[in-house]
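Everything on this sheet refers to the single structure shown next.
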Amino acid sequence: MTKVVAVITASTPGEAERQARTAIQRGADLVEFRLDRLRDLNSADIRKLAKSFGPRAIATLRSPPEGGGRPRSGLPRLAVLRELCQPGFGYVDLELEADAKDIRDLRVLAKRHRSRVIVSRHFEDFVGASKIRDTLEASAAVGDIAKAVVPIAHWYEALEVVDLARSWAAKSKPYVLIGMGPAGAVTRVLAGDLGQAFHYAAFGAEAAPGQLPLRSAVRVHGPEPFVVGLVGHRIGHSISPQIHEAALDAAGLPGVYLPFDVEASDLEPLLQSADRLRLRGLNVTIPHKERIASMLDELDGDAERLGAVNTVVVDGGWTKGFNTDVYGFRISLRALGLRLGERDALVVGAGGAAKAVVHVLLREGARVQVANRSASRAEALADSFDEPLDVVSLDELPKRGPWDLLVNATPAGMEGHDATPPVPESVIRKAAFVYDLVYNPPSTLLLQVAARLGKPATSGIEMLLHQAAKAFELWTDRPASIDAMRRAAKEALR
Ligand code: NDP
């Protein structure tokens, strides 16, 4: 059974001890003392930690070339390692390269004190499966547990590591194989599924990029962890990971939400690898919402109607696309008490989000006008609906209106984009209610102008939360805690 290890990187022994106690209370099976992160290292402190945590602790002195710190000890590495092998830690971490010539002697010493030896190797760059396999073989030959860590830049490298781990697990030799970095996080999530000896988790700050927080690691601990996530390109701005993590946590489910930053050409291979990655579902965002629709086995009504998918459910390799933006926007209108039957609405933008908004407004019985920077896209959007739609150029807008609702369905105002509202104040003035789909930042210039003009207005946060909750329910068959999601969103947007 995979053990959850909380990595303790405190700089003083007292703090390390305090953190280790808390980590164990919070569900860690073991703690790893990263002794290279202590400011000073001496025998008395080492013995004290071993005495307090003994079988529940791993003692690690990571060498600087493999990502370790440089504590003041005045002693050479070998002397410190000899100290670590004696006082009775459950495990001692030695390095295949740095400690090559001393590993066998140190292991004898460790065995005498009932410590098991982890032999580890941390690569600086991604290396292929055969090199990793050779390393695990070499480590297993001299240690009790073989450990290899390799940096991962792309999801398909993580898949290669997952496949290798699965084949290694069949040999029943205790091992740990980690893909480091955010793109490699899936290798950690699946530690239990892959029969790894340990799942190293962050206690406080990450000791290594891609580590899950201890709370998430404890949650996915078990034989059937699953992955849901966000697929898009340049998705760093998204707060979906925080929102869904909060919902998974509130429901106590053994799943983790991960970002998959992929190019269009990787979409199909990612979907085909879903089972190997234990992927149960995906959110889809810019720029893949439309492209992915043709790659799925089945589409739900709204997704089919709009030719745009923001949620994929994976079930035994079968992929079904949904558009929960439609649901999110509709529910948010209800929550705001906006009834738009026979009312006038202006939608600015003609992309995927605008399509979902127009679809809802038409179903509500609203009269809809669409304005967009490039007229041809607005025309194409209008053509895709059976109901009549009025396409208005941005220049013409000041002469039109008034509207009961103005919706910004462009990224104007979004973090990292032009902050200028997509329409001038003279247009905003003619709207009774302003709805900005942008949610990050929570208060855009458009919303500030609306507030100054005394107009009721909302950001896109409620739509985001409701579309997320629906996606969560589709993946898990469980209701999502909107309150937990809302708290997480607020925290993420602070
Ligand atoms: P798309 O890229 O599909 O479409 C963007 C649209 O905005 C295009 O019509 C584009 O015009 C227009 N546009 C882009 N930049 C500007 C600008 N600076 N000024 C005026 N128009 C501009 O994006 P989406 O439709 O998927 O998303 C649009 C926005 O909606 C994003 O900010 C997104 O975050 C938000 N959104 C919010 C959701 C929520 O739950 N709150 C859900 C989904 C989206 P052109 O055709 O000329 O390029």
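Note on naming: chains are A, B, ... as they come in the structure tokens, residues start from 1 per chain, ligands start from 1 in the order shown.
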
**OP:** Show me which residues sit within 8 Å of ligand 1 when counting only C-alpha atoms and all ligand atoms, and put them as a PyMOL selection string.
**Re:** chain A and resi 285-287+289+325+328-329+348-355+372-378+408-414+417-423+436-440+459-467

How would the residues just picked look written out with C-alpha atoms as a PDB file, in the first residue's frame?
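Heads up, here's the output in result.pdb:
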```pdb
ATOM      1  CA  THR A 285     -11.332  26.192 -22.700  1.00  0.00           C
ATOM      2  CA  ILE A 286      -9.795  28.586 -25.226  1.00  0.00           C
ATOM      3  CA  PRO A 287      -8.898  27.659 -27.952  1.00  0.00           C
ATOM      4  CA  LYS A 289     -13.956  24.325 -27.356  1.00  0.00           C
ATOM      5  CA  ASP A 325     -21.702  27.286 -20.128  1.00  0.00           C
ATOM      6  CA  GLY A 328     -24.237  28.238 -16.071  1.00  0.00           C
ATOM      7  CA  PHE A 329     -25.494  31.333 -17.861  1.00  0.00           C
ATOM      8  CA  VAL A 348     -20.877  41.891 -27.578  1.00  0.00           C
ATOM      9  CA  GLY A 349     -18.542  39.203 -28.940  1.00  0.00           C
ATOM     10  CA  ALA A 350     -19.118  36.300 -31.288  1.00  0.00           C
ATOM     11  CA  GLY A 351     -16.960  33.486 -29.935  1.00  0.00           C
ATOM     12  CA  GLY A 352     -17.900  30.316 -28.066  1.00  0.00           C
ATOM     13  CA  ALA A 353     -19.144  32.100 -24.948  1.00  0.00           C
ATOM     14  CA  ALA A 354     -21.279  34.501 -27.004  1.00  0.00           C
ATOM     15  CA  LYS A 355     -22.850  31.531 -28.757  1.00  0.00           C
ATOM     16  CA  ASN A 372     -18.472  42.024 -32.726  1.00  0.00           C
ATOM     17  CA  ARG A 373     -15.072  43.418 -33.667  1.00  0.00           C
ATOM     18  CA  SER A 374     -15.010  41.360 -36.863  1.00  0.00           C
ATOM     19  CA  ALA A 375     -18.390  41.522 -38.553  1.00  0.00           C
ATOM     20  CA  SER A 376     -17.950  38.242 -40.418  1.00  0.00           C
ATOM     21  CA  ARG A 377     -17.795  36.272 -37.175  1.00  0.00           C
ATOM     22  CA  ALA A 378     -20.958  37.933 -35.907  1.00  0.00           C
ATOM     23  CA  ASN A 408     -19.766  41.386 -22.611  1.00  0.00           C
ATOM     24  CA  ALA A 409     -18.755  38.053 -24.158  1.00  0.00           C
ATOM     25  CA  THR A 410     -15.266  39.205 -25.174  1.00  0.00           C
ATOM     26  CA  PRO A 411     -12.047  38.928 -23.177  1.00  0.00           C
ATOM     27  CA  ALA A 412     -11.799  42.747 -23.024  1.00  0.00           C
ATOM     28  CA  GLY A 413     -11.084  43.595 -19.379  1.00  0.00           C
ATOM     29  CA  MET A 414      -9.768  40.136 -18.558  1.00  0.00           C
ATOM     30  CA  HIS A 417      -5.982  41.573 -21.979  1.00  0.00           C
ATOM     31  CA  ASP A 418      -6.833  45.130 -22.939  1.00  0.00           C
ATOM     32  CA  ALA A 419      -8.723  46.655 -19.988  1.00  0.00           C
ATOM     33  CA  THR A 420     -10.804  49.023 -22.138  1.00  0.00           C
ATOM     34  CA  PRO A 421     -14.510  48.088 -22.162  1.00  0.00           C
ATOM     35  CA  PRO A 422     -15.590  46.612 -25.516  1.00  0.00           C
ATOM     36  CA  VAL A 423     -18.219  49.356 -25.999  1.00  0.00           C
ATOM     37  CA  ASP A 436     -19.622  40.974 -17.853  1.00  0.00           C
ATOM     38  CA  LEU A 437     -18.686  37.330 -18.497  1.00  0.00           C
ATOM     39  CA  VAL A 438     -15.137  38.188 -17.420  1.00  0.00           C
ATOM     40  CA  TYR A 439     -14.551  37.139 -13.795  1.00  0.00           C
ATOM     41  CA  ASN A 440     -10.835  37.818 -13.393  1.00  0.00           C
ATOM     42  CA  SER A 459     -19.230  39.708 -13.244  1.00  0.00           C
ATOM     43  CA  GLY A 460     -19.003  36.223 -14.760  1.00  0.00           C
ATOM     44  CA  ILE A 461     -18.283  34.530 -11.446  1.00  0.00           C
ATOM     45  CA  GLU A 462     -21.775  33.102 -10.892  1.00  0.00           C
ATOM     46  CA  MET A 463     -21.853  31.660 -14.420  1.00  0.00           C
ATOM     47  CA  LEU A 464     -18.418  30.192 -13.839  1.00  0.00           C
ATOM     48  CA  LEU A 465     -19.482  28.576 -10.572  1.00  0.00           C
ATOM     49  CA  HIS A 466     -22.680  27.103 -11.984  1.00  0.00           C
ATOM     50  CA  GLN A 467     -21.044  25.729 -15.141  1.00  0.00           C
TER      51      GLN A 467
END
```

Which residues of stretch 57-160 of chain A come within 12 Å of stretch 4-23 of chain A, and what is each one's closest atom pair and distance in Å (one decimal), counting only C-alpha atoms, sorted by chain and residue number, as JSON lines?
```
{"residue": "A:Ala57", "atom": "CA", "partner": "A:Val5", "partner_atom": "CA", "distance": 8.6}
{"residue": "A:Ile58", "atom": "CA", "partner": "A:Val5", "partner_atom": "CA", "distance": 8.6}
{"residue": "A:Ala59", "atom": "CA", "partner": "A:Ile8", "partner_atom": "CA", "distance": 10.2}
{"residue": "A:Thr60", "atom": "CA", "partner": "A:Val7", "partner_atom": "CA", "distance": 9.9}
{"residue": "A:Leu61", "atom": "CA", "partner": "A:Thr9", "partner_atom": "CA", "distance": 11.2}
{"residue": "A:Arg62", "atom": "CA", "partner": "A:Thr9", "partner_atom": "CA", "distance": 11.3}
{"residue": "A:Gly68", "atom": "CA", "partner": "A:Thr9", "partner_atom": "CA", "distance": 10.6}
{"residue": "A:Gly69", "atom": "CA", "partner": "A:Thr9", "partner_atom": "CA", "distance": 10.1}
{"residue": "A:Arg70", "atom": "CA", "partner": "A:Ser11", "partner_atom": "CA", "distance": 11.1}
{"residue": "A:Pro71", "atom": "CA", "partner": "A:Ser11", "partner_atom": "CA", "distance": 9.1}
{"residue": "A:Arg72", "atom": "CA", "partner": "A:Ser11", "partner_atom": "CA", "distance": 11.2}
{"residue": "A:Tyr91", "atom": "CA", "partner": "A:Val5", "partner_atom": "CA", "distance": 11.5}
```

Please dump the current selection as a PDB file, in the first residue's frame; keep N, CA and C atoms.
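Saved file again21.pdb follows:
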```pdb
ATOM      1  N   ALA A  57       9.704   8.151   9.850  1.00  0.00           N
ATOM      2  CA  ALA A  57      10.442   9.239   9.199  1.00  0.00           C
ATOM      3  C   ALA A  57      11.430   8.739   8.160  1.00  0.00           C
ATOM      4  N   ILE A  58      11.574   9.567   7.123  1.00  0.00           N
ATOM      5  CA  ILE A  58      12.622   9.369   6.118  1.00  0.00           C
ATOM      6  C   ILE A  58      13.641  10.484   6.342  1.00  0.00           C
ATOM      7  N   ALA A  59      14.907  10.127   6.431  1.00  0.00           N
ATOM      8  CA  ALA A  59      15.955  11.154   6.555  1.00  0.00           C
ATOM      9  C   ALA A  59      16.606  11.339   5.196  1.00  0.00           C
ATOM     10  N   THR A  60      16.584  12.560   4.711  1.00  0.00           N
ATOM     11  CA  THR A  60      17.112  12.844   3.374  1.00  0.00           C
ATOM     12  C   THR A  60      18.080  14.008   3.433  1.00  0.00           C
ATOM     13  N   LEU A  61      19.239  13.807   2.856  1.00  0.00           N
ATOM     14  CA  LEU A  61      20.207  14.902   2.710  1.00  0.00           C
ATOM     15  C   LEU A  61      20.426  15.067   1.218  1.00  0.00           C
ATOM     16  N   ARG A  62      19.496  15.754   0.580  1.00  0.00           N
ATOM     17  CA  ARG A  62      19.576  15.896  -0.877  1.00  0.00           C
ATOM     18  C   ARG A  62      20.830  16.672  -1.242  1.00  0.00           C
ATOM     19  N   GLY A  68      19.294  19.814  -3.782  1.00  0.00           N
ATOM     20  CA  GLY A  68      19.341  19.983  -2.335  1.00  0.00           C
ATOM     21  C   GLY A  68      19.902  21.321  -1.896  1.00  0.00           C
ATOM     22  N   GLY A  69      19.752  21.610  -0.590  1.00  0.00           N
ATOM     23  CA  GLY A  69      20.308  22.830  -0.018  1.00  0.00           C
ATOM     24  C   GLY A  69      21.701  22.565   0.539  1.00  0.00           C
ATOM     25  N   ARG A  70      22.249  23.587   1.200  1.00  0.00           N
ATOM     26  CA  ARG A  70      23.605  23.452   1.767  1.00  0.00           C
ATOM     27  C   ARG A  70      23.580  23.838   3.237  1.00  0.00           C
ATOM     28  N   PRO A  71      23.219  22.921   4.118  1.00  0.00           N
ATOM     29  CA  PRO A  71      23.207  23.269   5.544  1.00  0.00           C
ATOM     30  C   PRO A  71      24.628  23.442   6.078  1.00  0.00           C
ATOM     31  N   ARG A  72      24.729  24.232   7.192  1.00  0.00           N
ATOM     32  CA  ARG A  72      26.049  24.350   7.822  1.00  0.00           C
ATOM     33  C   ARG A  72      26.216  23.164   8.744  1.00  0.00           C
ATOM     34  N   TYR A  91      13.561   5.146   7.308  1.00  0.00           N
ATOM     35  CA  TYR A  91      14.173   5.110   5.973  1.00  0.00           C
ATOM     36  C   TYR A  91      15.257   6.170   5.889  1.00  0.00           C
TER      37      TYR A  91
END
```

**OP:** Excluding A:Glu396 and residues on its chain fewer than 3 positions from it, collect all residues at most 12 Å away from it, counting only C-alpha atoms, and give them as a count of residues only.
**Re:** 16

**OP:** Considering only C-alpha atoms, return as an MDAnalysis selection string whatever protein or nucleic-acid residues lie within 10 Å of A:Leu75, sequence-local ones (same chain, fewer than 6 positions apart) excluded.
**Re:** chainID A and resid 41:42 81

**OP:** Pull the strand (DSSP E) assignments for stretch 203-253 of chain A out of DSSP run on the backbone, and list those residues as number ranges by chain.
**Re:** A: 226-232

Near A:Lys173, within 10 Å and counting only C-alpha atoms, which residues show up once chain neighbours fewer than 2 positions away are dropped, as a PDB file with all heavy atoms, in the first residue's frame?
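The result, written out as part.pdb:
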```pdb
ATOM      1  N   LEU A 136      16.236   2.719 -12.385  1.00  0.00           N
ATOM      2  CA  LEU A 136      15.498   2.002 -11.340  1.00  0.00           C
ATOM      3  C   LEU A 136      16.150   0.645 -11.053  1.00  0.00           C
ATOM      4  O   LEU A 136      16.272   0.231  -9.900  1.00  0.00           O
ATOM      5  CB  LEU A 136      14.033   1.812 -11.754  1.00  0.00           C
ATOM      6  CG  LEU A 136      13.141   3.071 -11.731  1.00  0.00           C
ATOM      7  CD1 LEU A 136      11.761   2.771 -12.308  1.00  0.00           C
ATOM      8  CD2 LEU A 136      12.991   3.621 -10.299  1.00  0.00           C
ATOM      9  N   GLU A 137      16.595  -0.024 -12.116  1.00  0.00           N
ATOM     10  CA  GLU A 137      17.273  -1.333 -11.943  1.00  0.00           C
ATOM     11  C   GLU A 137      18.521  -1.148 -11.073  1.00  0.00           C
ATOM     12  O   GLU A 137      18.744  -1.900 -10.130  1.00  0.00           O
ATOM     13  CB  GLU A 137      17.716  -1.909 -13.299  1.00  0.00           C
ATOM     14  CG  GLU A 137      16.596  -2.389 -14.210  1.00  0.00           C
ATOM     15  CD  GLU A 137      15.941  -3.684 -13.748  1.00  0.00           C
ATOM     16  OE1 GLU A 137      16.313  -4.199 -12.684  1.00  0.00           O
ATOM     17  OE2 GLU A 137      15.014  -4.151 -14.445  1.00  0.00           O
ATOM     18  N   ALA A 140      17.541  -0.350  -7.509  1.00  0.00           N
ATOM     19  CA  ALA A 140      16.956  -1.516  -6.827  1.00  0.00           C
ATOM     20  C   ALA A 140      18.042  -2.529  -6.455  1.00  0.00           C
ATOM     21  O   ALA A 140      17.920  -3.253  -5.470  1.00  0.00           O
ATOM     22  CB  ALA A 140      15.897  -2.165  -7.718  1.00  0.00           C
ATOM     23  N   ASP A 144      16.752  -0.743  -0.888  1.00  0.00           N
ATOM     24  CA  ASP A 144      15.488  -1.438  -0.632  1.00  0.00           C
ATOM     25  C   ASP A 144      14.363  -0.867  -1.482  1.00  0.00           C
ATOM     26  O   ASP A 144      13.415  -1.564  -1.830  1.00  0.00           O
ATOM     27  CB  ASP A 144      15.116  -1.286   0.851  1.00  0.00           C
ATOM     28  CG  ASP A 144      16.187  -1.869   1.744  1.00  0.00           C
ATOM     29  OD1 ASP A 144      16.424  -3.083   1.651  1.00  0.00           O
ATOM     30  OD2 ASP A 144      16.811  -1.101   2.510  1.00  0.00           O
ATOM     31  N   ILE A 145      14.452   0.434  -1.759  1.00  0.00           N
ATOM     32  CA  ILE A 145      13.421   1.103  -2.559  1.00  0.00           C
ATOM     33  C   ILE A 145      14.130   1.944  -3.625  1.00  0.00           C
ATOM     34  O   ILE A 145      15.007   2.750  -3.297  1.00  0.00           O
ATOM     35  CB  ILE A 145      12.546   2.019  -1.665  1.00  0.00           C
ATOM     36  CG1 ILE A 145      11.789   1.153  -0.646  1.00  0.00           C
ATOM     37  CG2 ILE A 145      11.554   2.842  -2.503  1.00  0.00           C
ATOM     38  CD1 ILE A 145      11.297   1.892   0.547  1.00  0.00           C
ATOM     39  N   ALA A 146      13.772   1.738  -4.885  1.00  0.00           N
ATOM     40  CA  ALA A 146      14.391   2.507  -5.970  1.00  0.00           C
ATOM     41  C   ALA A 146      13.539   3.742  -6.236  1.00  0.00           C
ATOM     42  O   ALA A 146      12.310   3.646  -6.295  1.00  0.00           O
ATOM     43  CB  ALA A 146      14.460   1.647  -7.225  1.00  0.00           C
ATOM     44  N   TRP A 168       6.720  -1.317 -14.427  1.00  0.00           N
ATOM     45  CA  TRP A 168       7.663  -1.599 -13.340  1.00  0.00           C
ATOM     46  C   TRP A 168       6.926  -2.211 -12.144  1.00  0.00           C
ATOM     47  O   TRP A 168       7.428  -3.126 -11.486  1.00  0.00           O
ATOM     48  CB  TRP A 168       8.402  -0.320 -12.907  1.00  0.00           C
ATOM     49  CG  TRP A 168       9.416  -0.598 -11.850  1.00  0.00           C
ATOM     50  CD1 TRP A 168       9.199  -0.613 -10.501  1.00  0.00           C
ATOM     51  CD2 TRP A 168      10.786  -0.970 -12.039  1.00  0.00           C
ATOM     52  NE1 TRP A 168      10.345  -0.962  -9.838  1.00  0.00           N
ATOM     53  CE2 TRP A 168      11.339  -1.183 -10.754  1.00  0.00           C
ATOM     54  CE3 TRP A 168      11.592  -1.146 -13.155  1.00  0.00           C
ATOM     55  CZ2 TRP A 168      12.661  -1.546 -10.568  1.00  0.00           C
ATOM     56  CZ3 TRP A 168      12.918  -1.507 -12.956  1.00  0.00           C
ATOM     57  CH2 TRP A 168      13.445  -1.714 -11.679  1.00  0.00           C
ATOM     58  N   ALA A 169       5.728  -1.692 -11.856  1.00  0.00           N
ATOM     59  CA  ALA A 169       4.970  -2.173 -10.685  1.00  0.00           C
ATOM     60  C   ALA A 169       4.739  -3.675 -10.775  1.00  0.00           C
ATOM     61  O   ALA A 169       4.684  -4.368  -9.755  1.00  0.00           O
ATOM     62  CB  ALA A 169       3.646  -1.434 -10.591  1.00  0.00           C
ATOM     63  N   ALA A 170       4.634  -4.190 -12.011  1.00  0.00           N
ATOM     64  CA  ALA A 170       4.377  -5.625 -12.193  1.00  0.00           C
ATOM     65  C   ALA A 170       5.545  -6.460 -11.668  1.00  0.00           C
ATOM     66  O   ALA A 170       5.384  -7.637 -11.359  1.00  0.00           O
ATOM     67  CB  ALA A 170       4.138  -5.914 -13.671  1.00  0.00           C
ATOM     68  N   LYS A 171       6.734  -5.854 -11.527  1.00  0.00           N
ATOM     69  CA  LYS A 171       7.896  -6.616 -11.030  1.00  0.00           C
ATOM     70  C   LYS A 171       7.890  -6.773  -9.521  1.00  0.00           C
ATOM     71  O   LYS A 171       8.736  -7.452  -8.960  1.00  0.00           O
ATOM     72  CB  LYS A 171       9.194  -5.863 -11.387  1.00  0.00           C
ATOM     73  CG  LYS A 171       9.444  -5.676 -12.851  1.00  0.00           C
ATOM     74  CD  LYS A 171      10.794  -5.006 -13.005  1.00  0.00           C
ATOM     75  CE  LYS A 171      11.013  -4.690 -14.464  1.00  0.00           C
ATOM     76  NZ  LYS A 171      12.405  -4.716 -14.860  1.00  0.00           N
ATOM     77  N   TYR A 175       9.293   0.804  -5.355  1.00  0.00           N
ATOM     78  CA  TYR A 175       9.854   1.890  -6.153  1.00  0.00           C
ATOM     79  C   TYR A 175       9.025   3.156  -5.998  1.00  0.00           C
ATOM     80  O   TYR A 175       7.875   3.133  -5.552  1.00  0.00           O
ATOM     81  CB  TYR A 175       9.886   1.501  -7.644  1.00  0.00           C
ATOM     82  CG  TYR A 175       8.557   1.720  -8.334  1.00  0.00           C
ATOM     83  CD1 TYR A 175       8.382   2.753  -9.251  1.00  0.00           C
ATOM     84  CD2 TYR A 175       7.457   0.927  -8.011  1.00  0.00           C
ATOM     85  CE1 TYR A 175       7.155   2.984  -9.851  1.00  0.00           C
ATOM     86  CE2 TYR A 175       6.231   1.157  -8.613  1.00  0.00           C
ATOM     87  CZ  TYR A 175       6.085   2.186  -9.528  1.00  0.00           C
ATOM     88  OH  TYR A 175       4.866   2.419 -10.106  1.00  0.00           O
ATOM     89  N   VAL A 176       9.635   4.261  -6.418  1.00  0.00           N
ATOM     90  CA  VAL A 176       8.936   5.538  -6.567  1.00  0.00           C
ATOM     91  C   VAL A 176       9.404   6.112  -7.891  1.00  0.00           C
ATOM     92  O   VAL A 176      10.610   6.131  -8.167  1.00  0.00           O
ATOM     93  CB  VAL A 176       9.309   6.527  -5.428  1.00  0.00           C
ATOM     94  CG1 VAL A 176       8.648   7.877  -5.657  1.00  0.00           C
ATOM     95  CG2 VAL A 176       8.916   5.964  -4.071  1.00  0.00           C
ATOM     96  N   GLY A 195       1.002   1.514  -7.751  1.00  0.00           N
ATOM     97  CA  GLY A 195       1.685   0.654  -6.773  1.00  0.00           C
ATOM     98  C   GLY A 195       3.010   1.216  -6.289  1.00  0.00           C
ATOM     99  O   GLY A 195       3.925   0.455  -5.939  1.00  0.00           O
ATOM    100  N   GLN A 196       3.138   2.555  -6.250  1.00  0.00           N
ATOM    101  CA  GLN A 196       4.400   3.141  -5.786  1.00  0.00           C
ATOM    102  C   GLN A 196       4.503   3.032  -4.258  1.00  0.00           C
ATOM    103  O   GLN A 196       3.482   3.004  -3.553  1.00  0.00           O
ATOM    104  CB  GLN A 196       4.477   4.606  -6.199  1.00  0.00           C
ATOM    105  CG  GLN A 196       4.317   4.775  -7.695  1.00  0.00           C
ATOM    106  CD  GLN A 196       5.042   6.003  -8.224  1.00  0.00           C
ATOM    107  OE1 GLN A 196       6.029   6.453  -7.663  1.00  0.00           O
ATOM    108  NE2 GLN A 196       4.555   6.532  -9.317  1.00  0.00           N
ATOM    109  N   ALA A 197       5.725   2.984  -3.767  1.00  0.00           N
ATOM    110  CA  ALA A 197       5.913   2.837  -2.320  1.00  0.00           C
ATOM    111  C   ALA A 197       5.455   4.091  -1.585  1.00  0.00           C
ATOM    112  O   ALA A 197       4.822   4.004  -0.531  1.00  0.00           O
ATOM    113  CB  ALA A 197       7.390   2.567  -2.012  1.00  0.00           C
TER     114      ALA A 197
END
```

Original post:
Which residues come within 6 Å of stretch 482-492 of chain A, counting only C-alpha atoms, excluding same-chain residues fewer than 3 positions away, as a PyMOL selection string?
Top reply: chain A and resi 242-243+246-247

Output the selection as a compact mmCIF listing (two decimals), in the first residue's frame - N, CA and C atoms for each residue.
```txt
# COMPACT_ATOMS: atom_id res chain seq x y z
N GLN A 242 -8.68 25.63 -8.65
CA GLN A 242 -9.00 25.91 -7.23
C GLN A 242 -10.46 25.57 -6.92
N ILE A 243 -11.36 25.93 -7.86
CA ILE A 243 -12.79 25.70 -7.63
C ILE A 243 -13.09 24.19 -7.54
N ALA A 246 -11.72 22.43 -4.48
CA ALA A 246 -12.56 22.68 -3.30
C ALA A 246 -13.78 21.75 -3.31
N ALA A 247 -14.37 21.55 -4.49
CA ALA A 247 -15.55 20.68 -4.56
C ALA A 247 -15.17 19.22 -4.30
```

Original post:
Residues of stretch 4-118 of chain A in alpha helix (DSSP H) according to DSSP, as a ChimeraX atom specification?
Top reply: /A:13-25,43-53,77-84,103-112

**OP:** Write out as a PyMOL selection string which residues come within 8 Å of stretch 218-222 of chain A when counting only C-alpha atoms, dropping same-chain ones fewer than 3 positions away.
**Re:** chain A and resi 1-2+4+27-28+189+192-193+214-215+225-226+249+252-256

Selection above as a file: N, CA and C atoms, as a PDB file, in the first residue's frame:
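Once written, again15.pdb looks like this:
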```pdb
ATOM      1  N   MET A   1       0.849  -1.209   0.000  1.00  0.00           N
ATOM      2  CA  MET A   1       0.000   0.000   0.000  1.00  0.00           C
ATOM      3  C   MET A   1       0.880   1.253   0.000  1.00  0.00           C
ATOM      4  N   THR A   2       0.562   2.167  -0.894  1.00  0.00           N
ATOM      5  CA  THR A   2       1.335   3.408  -0.998  1.00  0.00           C
ATOM      6  C   THR A   2       1.210   4.234   0.282  1.00  0.00           C
ATOM      7  N   VAL A   4       1.587   7.875   2.204  1.00  0.00           N
ATOM      8  CA  VAL A   4       1.661   9.322   1.946  1.00  0.00           C
ATOM      9  C   VAL A   4       2.765   9.908   2.827  1.00  0.00           C
ATOM     10  N   GLY A  27      -2.930  13.217   8.558  1.00  0.00           N
ATOM     11  CA  GLY A  27      -3.114  12.029   7.719  1.00  0.00           C
ATOM     12  C   GLY A  27      -1.881  11.510   7.009  1.00  0.00           C
ATOM     13  N   ALA A  28      -0.711  12.163   7.188  1.00  0.00           N
ATOM     14  CA  ALA A  28       0.497  11.628   6.549  1.00  0.00           C
ATOM     15  C   ALA A  28       0.880  10.315   7.232  1.00  0.00           C
ATOM     16  N   VAL A 189      -0.427  11.846  -8.588  1.00  0.00           N
ATOM     17  CA  VAL A 189      -1.821  11.530  -8.261  1.00  0.00           C
ATOM     18  C   VAL A 189      -2.048  10.024  -8.340  1.00  0.00           C
ATOM     19  N   GLY A 192      -0.837   5.631  -5.975  1.00  0.00           N
ATOM     20  CA  GLY A 192      -1.492   4.436  -5.418  1.00  0.00           C
ATOM     21  C   GLY A 192      -1.883   3.467  -6.516  1.00  0.00           C
ATOM     22  N   ASP A 193      -2.432   4.013  -7.579  1.00  0.00           N
ATOM     23  CA  ASP A 193      -2.866   3.192  -8.712  1.00  0.00           C
ATOM     24  C   ASP A 193      -1.672   2.470  -9.342  1.00  0.00           C
ATOM     25  N   LEU A 214      -0.615  18.198   0.981  1.00  0.00           N
ATOM     26  CA  LEU A 214      -0.847  16.994   1.781  1.00  0.00           C
ATOM     27  C   LEU A 214      -2.332  16.608   1.785  1.00  0.00           C
ATOM     28  N   ARG A 215      -3.196  17.615   1.919  1.00  0.00           N
ATOM     29  CA  ARG A 215      -4.642  17.336   1.995  1.00  0.00           C
ATOM     30  C   ARG A 215      -5.129  16.591   0.746  1.00  0.00           C
ATOM     31  N   PRO A 225      -7.667   6.220  -7.537  1.00  0.00           N
ATOM     32  CA  PRO A 225      -7.718   7.671  -7.697  1.00  0.00           C
ATOM     33  C   PRO A 225      -8.158   8.019  -9.122  1.00  0.00           C
ATOM     34  N   PHE A 226      -8.730   9.201  -9.289  1.00  0.00           N
ATOM     35  CA  PHE A 226      -9.076   9.616 -10.644  1.00  0.00           C
ATOM     36  C   PHE A 226      -8.657  11.064 -10.887  1.00  0.00           C
ATOM     37  N   ASP A 249     -12.706  18.207  -2.557  1.00  0.00           N
ATOM     38  CA  ASP A 249     -12.365  18.117  -1.147  1.00  0.00           C
ATOM     39  C   ASP A 249     -13.632  18.058  -0.295  1.00  0.00           C
ATOM     40  N   GLY A 252     -15.085  14.794  -0.488  1.00  0.00           N
ATOM     41  CA  GLY A 252     -14.197  13.716  -0.019  1.00  0.00           C
ATOM     42  C   GLY A 252     -13.924  12.678  -1.091  1.00  0.00           C
ATOM     43  N   LEU A 253     -13.865  13.099  -2.344  1.00  0.00           N
ATOM     44  CA  LEU A 253     -13.655  12.143  -3.439  1.00  0.00           C
ATOM     45  C   LEU A 253     -12.157  11.978  -3.744  1.00  0.00           C
ATOM     46  N   PRO A 254     -11.739  10.773  -4.173  1.00  0.00           N
ATOM     47  CA  PRO A 254     -10.306  10.536  -4.415  1.00  0.00           C
ATOM     48  C   PRO A 254      -9.862  11.035  -5.795  1.00  0.00           C
ATOM     49  N   GLY A 255     -10.221  12.257  -6.124  1.00  0.00           N
ATOM     50  CA  GLY A 255      -9.859  12.816  -7.431  1.00  0.00           C
ATOM     51  C   GLY A 255      -9.067  14.093  -7.280  1.00  0.00           C
ATOM     52  N   VAL A 256      -8.360  14.434  -8.340  1.00  0.00           N
ATOM     53  CA  VAL A 256      -7.582  15.681  -8.371  1.00  0.00           C
ATOM     54  C   VAL A 256      -7.846  16.354  -9.708  1.00  0.00           C
TER      55      VAL A 256
END
```

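In terms of minimum interatomic distance to A:Ile24, A:Lys3 ranks closest within A:Pro456, A:Arg37, A:Asp390, A:Lys3, counting only C-alpha atoms.
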
Original post:
If you measure from atom CA of A:Pro479 to atom CA of A:Ala250, what distance in Å do you get, rounded to one decimal?
Top reply: 10.3 Å
